[in-house]
Structures are given as C-alpha cells and as structure tokens.
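> Structure file model.tsv, TSV, C-alpha atoms, is pasted below:
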chain	number	residue	atom	x	y	z
L	158	MET	CA	91.72	4.54	69.30
L	159	LYS	CA	94.78	3.51	67.30
L	160	ALA	CA	94.42	6.47	64.93
L	161	ALA	CA	94.13	8.88	67.87
L	162	MET	CA	97.29	7.43	69.48
L	163	GLU	CA	99.19	7.73	66.19
L	164	LYS	CA	98.06	11.35	65.79
L	165	GLU	CA	99.13	12.15	69.34
L	166	ALA	CA	102.53	10.55	68.69
L	167	ARG	CA	102.98	12.65	65.55
L	168	LEU	CA	102.11	15.81	67.47
L	169	LYS	CA	104.64	15.03	70.20
L	170	GLN	CA	107.30	14.23	67.60
L	171	PHE	CA	106.62	17.49	65.77
L	172	ALA	CA	106.77	19.47	69.03
L	173	SER	CA	110.04	17.81	70.09
L	174	ARG	CA	111.71	18.67	66.78
L	175	HIS	CA	110.40	22.19	66.22
L	176	GLY	CA	109.10	23.34	69.59
L	177	GLU	CA	105.63	23.98	70.91
L	178	MET	CA	105.41	27.43	69.31
L	179	ALA	CA	106.06	25.97	65.87
L	180	GLN	CA	103.44	23.35	66.58
L	181	GLU	CA	100.87	26.03	67.41
L	182	LEU	CA	101.76	28.01	64.27
L	183	ALA	CA	101.36	24.87	62.18
L	184	ARG	CA	97.97	24.24	63.76
L	185	GLN	CA	96.83	27.78	63.01
L	186	SER	CA	98.13	27.52	59.45
L	187	ALA	CA	96.15	24.33	58.97
L	188	ALA	CA	93.01	26.09	60.22
L	189	VAL	CA	93.56	29.04	57.86
L	190	ALA	CA	94.20	26.66	54.96
L	191	ALA	CA	90.99	24.84	55.75
L	192	ILE	CA	89.02	28.10	55.65
L	193	LEU	CA	90.60	29.16	52.35
L	194	THR	CA	89.93	25.75	50.88
L	195	ALA	CA	86.32	25.85	52.02
L	196	LYS	CA	85.83	29.18	50.25
L	197	LYS	CA	86.96	27.65	46.99
L	198	LYS	CA	84.52	24.76	47.27
L	199	SER	CA	81.13	24.63	45.61
L	200	GLU	CA	78.46	26.86	47.10
L	201	VAL	CA	76.16	23.82	47.15
L	202	VAL	CA	77.62	22.79	50.53
L	203	LEU	CA	76.42	24.91	53.45
L	204	HIS	CA	78.96	25.94	56.09
L	205	PRO	CA	77.35	26.01	59.58
L	206	GLU	CA	79.54	28.89	60.77
L	207	ARG	CA	78.85	31.20	57.83
L	208	ASN	CA	75.44	30.30	56.43
L	209	LYS	CA	72.60	32.36	57.94
L	210	PHE	CA	69.85	30.21	56.45
L	211	LEU	CA	71.21	27.12	58.20
L	212	GLY	CA	71.10	28.95	61.53
L	213	ARG	CA	67.44	29.89	61.03
L	214	TRP	CA	66.61	26.36	59.90
L	215	ASP	CA	68.24	24.91	63.02
L	216	GLY	CA	65.99	27.18	65.08
L	217	LEU	CA	62.89	25.88	63.30
L	218	THR	CA	64.04	22.28	63.70
L	219	ALA	CA	64.70	22.89	67.40
L	220	LEU	CA	61.11	24.10	67.84
L	221	ALA	CA	59.83	20.98	66.06
L	222	LEU	CA	61.94	18.80	68.36
L	223	PHE	CA	60.62	20.66	71.41
L	224	TYR	CA	57.05	19.92	70.29
L	225	THR	CA	57.96	16.27	69.76
L	226	ALA	CA	59.52	15.98	73.21
L	227	SER	CA	56.69	17.72	75.06
L	228	ILE	CA	53.48	16.89	73.17
L	229	THR	CA	54.09	13.46	71.60
L	230	PRO	CA	54.14	11.55	74.96
L	231	PHE	CA	50.92	13.31	76.02
L	232	GLU	CA	49.31	12.62	72.63
L	233	THR	CA	50.30	8.95	72.77
L	234	ALA	CA	48.92	8.40	76.27
L	235	PHE	CA	45.73	10.48	76.33
L	236	ILE	CA	44.60	11.60	72.86
L	237	PRO	CA	42.46	9.01	71.03
L	238	PRO	CA	43.45	8.72	67.37
L	239	VAL	CA	41.07	9.72	64.60
L	240	LEU	CA	40.72	7.17	61.79
L	241	GLY	CA	39.54	7.55	58.22
L	242	THR	CA	39.07	10.77	56.30
L	243	SER	CA	38.20	12.62	59.51
L	244	SER	CA	41.93	12.64	60.25
L	245	TRP	CA	42.45	15.45	57.74
L	246	VAL	CA	40.49	17.88	59.94
L	247	ASP	CA	42.10	16.73	63.21
L	248	PRO	CA	44.56	19.40	64.49
L	249	PHE	CA	47.02	16.87	65.93
L	250	PHE	CA	47.10	14.97	62.65
L	251	LEU	CA	47.75	18.14	60.64
L	252	ILE	CA	50.48	19.33	63.02
L	253	ASN	CA	52.20	15.95	62.81
L	254	ARG	CA	52.13	16.06	59.02
L	255	ALA	CA	53.69	19.53	59.12
L	256	LEU	CA	56.42	18.16	61.41
L	257	ASP	CA	56.96	15.28	58.98
L	258	VAL	CA	57.56	17.80	56.20
L	259	ILE	CA	60.05	19.74	58.36
L	260	PHE	CA	61.99	16.63	59.34
L	261	PHE	CA	61.94	15.29	55.77
L	262	LEU	CA	63.35	18.57	54.42
L	263	ASP	CA	65.93	18.52	57.21
L	264	MET	CA	66.93	15.01	56.14
L	265	LEU	CA	67.48	16.23	52.57
L	266	LEU	CA	69.37	19.28	53.82
L	267	GLN	CA	71.93	17.13	55.66
L	268	PHE	CA	73.31	16.00	52.29
L	269	PHE	CA	74.58	19.56	51.83
L	270	VAL	CA	75.84	20.53	55.32
L	271	ALA	CA	79.60	20.53	55.93
L	272	TYR	CA	80.93	18.51	58.85
L	273	GLN	CA	84.06	18.66	61.01
L	274	THR	CA	86.84	16.12	61.25
L	275	GLY	CA	90.17	16.02	63.08
L	276	ASN	CA	93.48	16.96	61.43
L	277	ASP	CA	97.08	15.93	62.08
L	278	PHE	CA	97.72	18.99	64.23
L	279	GLY	CA	95.07	18.19	66.82
L	280	GLY	CA	92.58	20.72	65.48
L	281	ARG	CA	89.32	20.46	63.57
L	282	THR	CA	88.82	20.88	59.82
L	283	TRP	CA	85.57	21.48	57.94
L	284	VAL	CA	84.90	19.01	55.14
L	285	THR	CA	83.08	20.77	52.27
L	286	SER	CA	83.44	18.28	49.44
L	287	PRO	CA	79.88	17.49	48.22
L	288	SER	CA	80.65	13.81	47.64
L	289	LYS	CA	82.30	13.38	51.05
L	290	VAL	CA	79.46	15.21	52.81
L	291	ALA	CA	76.82	12.99	51.17
L	292	ARG	CA	78.81	9.83	51.89
L	293	HIS	CA	79.32	10.86	55.52
L	294	TYR	CA	75.59	11.37	56.04
L	295	LEU	CA	74.60	8.13	54.28
L	296	ARG	CA	76.97	6.17	56.51
L	297	GLY	CA	75.83	7.97	59.65
L	298	TRP	CA	72.43	9.43	60.51
L	299	PHE	CA	70.52	8.83	57.27
L	300	VAL	CA	68.95	5.46	58.14
L	301	LEU	CA	67.75	6.67	61.55
L	302	ASP	CA	66.38	9.93	60.14
L	303	ALA	CA	64.54	8.14	57.33
L	304	PHE	CA	63.08	5.61	59.77
L	305	THR	CA	61.67	8.26	62.12
L	306	VAL	CA	60.11	10.18	59.22
L	307	ILE	CA	58.74	7.44	56.96
L	308	VAL	CA	57.42	4.92	59.51
L	309	PRO	CA	55.23	7.17	61.75
L	310	GLY	CA	54.13	9.43	58.91
L	311	GLY	CA	53.36	6.58	56.54
L	312	PHE	CA	51.33	4.72	59.17
L	313	ASP	CA	49.29	7.81	60.05
L	314	VAL	CA	48.52	8.48	56.39
L	315	TYR	CA	47.54	4.82	55.98
L	316	LEU	CA	45.01	5.16	58.84
L	317	SER	CA	43.44	8.15	57.08
L	318	ASN	CA	42.31	5.81	54.29
L	319	PRO	CA	38.51	5.91	53.65
L	320	GLU	CA	38.48	2.14	54.25
L	321	PHE	CA	38.65	2.81	57.99
L	322	ASN	CA	35.46	4.86	57.74
L	323	ARG	CA	33.56	1.78	56.59
L	324	ARG	CA	35.16	-0.45	59.24
L	325	GLU	CA	34.28	1.97	62.02
L	326	SER	CA	30.72	2.51	60.85
L	327	SER	CA	30.06	-1.25	60.54
L	328	GLY	CA	30.26	-1.71	64.33
L	329	SER	CA	30.93	-5.42	64.02
L	330	GLU	CA	32.89	-7.38	66.61
L	331	VAL	CA	35.63	-8.09	64.08
L	332	GLY	CA	35.81	-4.41	63.27
L	333	ALA	CA	36.10	-3.54	66.96
L	334	GLU	CA	38.92	-6.03	67.47
L	335	GLY	CA	40.70	-4.74	64.41
L	336	ARG	CA	40.37	-1.18	65.67
L	337	MET	CA	41.89	-2.11	69.04
L	338	SER	CA	44.80	-3.83	67.31
L	339	VAL	CA	45.36	-0.76	65.15
L	340	LEU	CA	45.27	1.52	68.19
L	341	ARG	CA	47.87	-0.58	70.02
L	342	VAL	CA	50.17	-0.52	67.01
L	343	LEU	CA	49.57	3.21	66.58
L	344	ARG	CA	50.69	3.94	70.14
L	345	VAL	CA	53.96	2.11	69.55
L	346	ILE	CA	54.51	3.86	66.22
L	347	ARG	CA	53.90	7.25	67.83
L	348	LEU	CA	56.66	6.57	70.34
L	349	VAL	CA	59.07	6.07	67.42
L	350	LYS	CA	58.81	9.83	66.89
L	351	LEU	CA	60.76	10.34	70.12
L	352	VAL	CA	63.84	8.90	68.39
L	353	ARG	CA	63.87	12.14	66.41
L	354	LEU	CA	65.27	13.84	69.51
L	355	VAL	CA	68.74	12.52	68.63
L	356	ARG	CA	68.75	15.25	65.98
L	357	ALA	CA	69.18	17.71	68.82
L	358	SER	CA	72.78	16.50	69.28
L	359	ARG	CA	73.65	17.55	65.71
L	360	ILE	CA	72.08	20.96	66.19
L	361	PHE	CA	73.92	21.43	69.48
L	362	GLN	CA	77.24	20.50	67.84
L	363	ARG	CA	76.72	23.13	65.14
L	364	TRP	CA	75.77	25.76	67.72
L	365	ARG	CA	78.79	24.81	69.84
L	366	SER	CA	81.18	25.21	66.90
L	367	LYS	CA	79.56	28.52	65.95
L	368	PHE	CA	79.73	30.07	69.42
L	369	SER	CA	83.00	28.36	70.48
L	370	MET	CA	81.37	26.60	73.42
L	371	THR	CA	83.45	24.09	75.40
What's the structure tokens form of this structure?

Amino acid sequence: MKAAMEKEARLKQFASRHGEMAQELARQSAAVAAILTAKKKSEVVLHPERNKFLGRWDGLTALALFYTASITPFETAFIPPVLGTSSWVDPFFLINRALDVIFFLDMLLQFFVAYQTGNDFGGRTWVTSPSKVARHYLRGWFVLDAFTVIVPGGFDVYLSNPEFNRRESSGSEVGAEGRMSVLRVLRVIRLVKLVRLVRASRIFQRWRSKFSMT
C-alpha cells in the first residue's frame, strides 16, 4: 500500500512538472525500453506474449484443469479405488498419472516464464532475468504446486504397491479395517487435487496480457 501511494505521488509530481503528455510519452518509452531489454535477455526465459509453445502448453494445462474440476469430484464420491497392482490397468489411475506428469512439467516450466511487475510510470514491465524469475516462483506458487502434485500422486502410487494385493486377498477383519481407513484417507487426498484449479488464475493472467483484456 505504501509503495503504491509513493508511486502515485511520483506520477503526480512528474505530471505537474512536465505535463500529462510528457508523462504518457515517458510511460510509452519505458514500455519500449522494457521490450528492447527483454529481447537482449537469455532465450531460456519464455515470454508469454511472444512464445508460441507457451500458448499451446497453456491450452493443454487448461484441458487438464477442466478434467480436474469436472471429473475429480465425481471420482472421489462414486468411483471405488483400485488397490495393488491392479491399479496400473485402471483407466482413472492411468489418467491421473498422466495429469500428474502434465502438472509436474508445468511446475518446472514456471521457473522459465517471465512475469509482469509495475514500473514508476504506472505501467507494467516484463521481468526476464532468469534468477529473478526463479526467485519469484519459489517465493510464490512453488510450494502450492509441489504439494498438489507430490501428495496425491505419491499416495496413489503407494496404494499400487503389491503389498495391498496380499492385504485384500487375506480377507481378515484387520485387513478390512485397514482398507476402510485407507479409503477414507484416499478420498481426502483426492480432494487435494482441486487446489490445482488455482493454476487457472495464472493462465488467465497470461491470456489477458496477450489479448489486452481488461
């Protein structure tokens, strides 16, 4: 809040000294300088407005998020989980592992995607420094992204262990109680996948900046 008030005060002071037209020219010059600077940066960092691969990847991630939002609640409520090695022939299990791969690759990709920040002229500037981009992601979305990928995926893979084949085939009362406990935990873990939907806000922000949406 304090930084925004100071920036607004600097803008008003600049406009009072040089006029609003000079202020607008300065803002446009800052935007042009930001573009020229971005072109000189390492090609390792992907610019959302100019990189075609990133646009296609956002489309694939959006489809994965749509599946998560529409199918995961239904799967959690009505589809009984498959334990043991039989999981590797279950279509829902295989689809979820494919989604885990997509979201894991998306998590790695965020270390190389430029982000926007405000400048002193009231505009927006793309940050393309590799170190700053990585630091920005580590301090922001990284923990949440890693949690939603590692926890559900790791628990599902754990339940595909052959040990659960022996427990299920034993038919003992202890085995039945253990299975019910596992199923209750599994339902909660599956709901963690819905937290992935916060990724949609990042995709929307990149689409908004690309298409100049208000």
> What is the distance between atom CA of L:Trp245 and atom CA of L:Val314, in Å to one decimal?
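Computing the Euclidean distance for atom CA of L:Trp245 and atom CA of L:Val314 yields 9.3 Å.
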> How many Å lie between atom CA of L:Arg254 and atom CA of L:Arg363, rounded to one decimal?
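Value for the atom CA of L:Arg254-atom CA of L:Arg363 distance: 26.3 Å.
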> Compare L:Ile346, L:Arg292, L:Thr225, L:Gly216 by their minimum atom-to-atom distance to L:Ala255, counting all atoms listed in the file, and give me the closest one.
L:Thr225
> Residues within 12 Å of (73.6, 16.3, 54.6), file coordinates, counting only C-alpha atoms: what are they? Give the list as a PyMOL selection string.
chain L and resi 201-205+211+261-272+284-299+302+359
> Just to confirm, what's the straight-line distance from atom CA of L:Gln273 to atom CA of L:Leu222 in Å (one decimal)?
23.3 Å
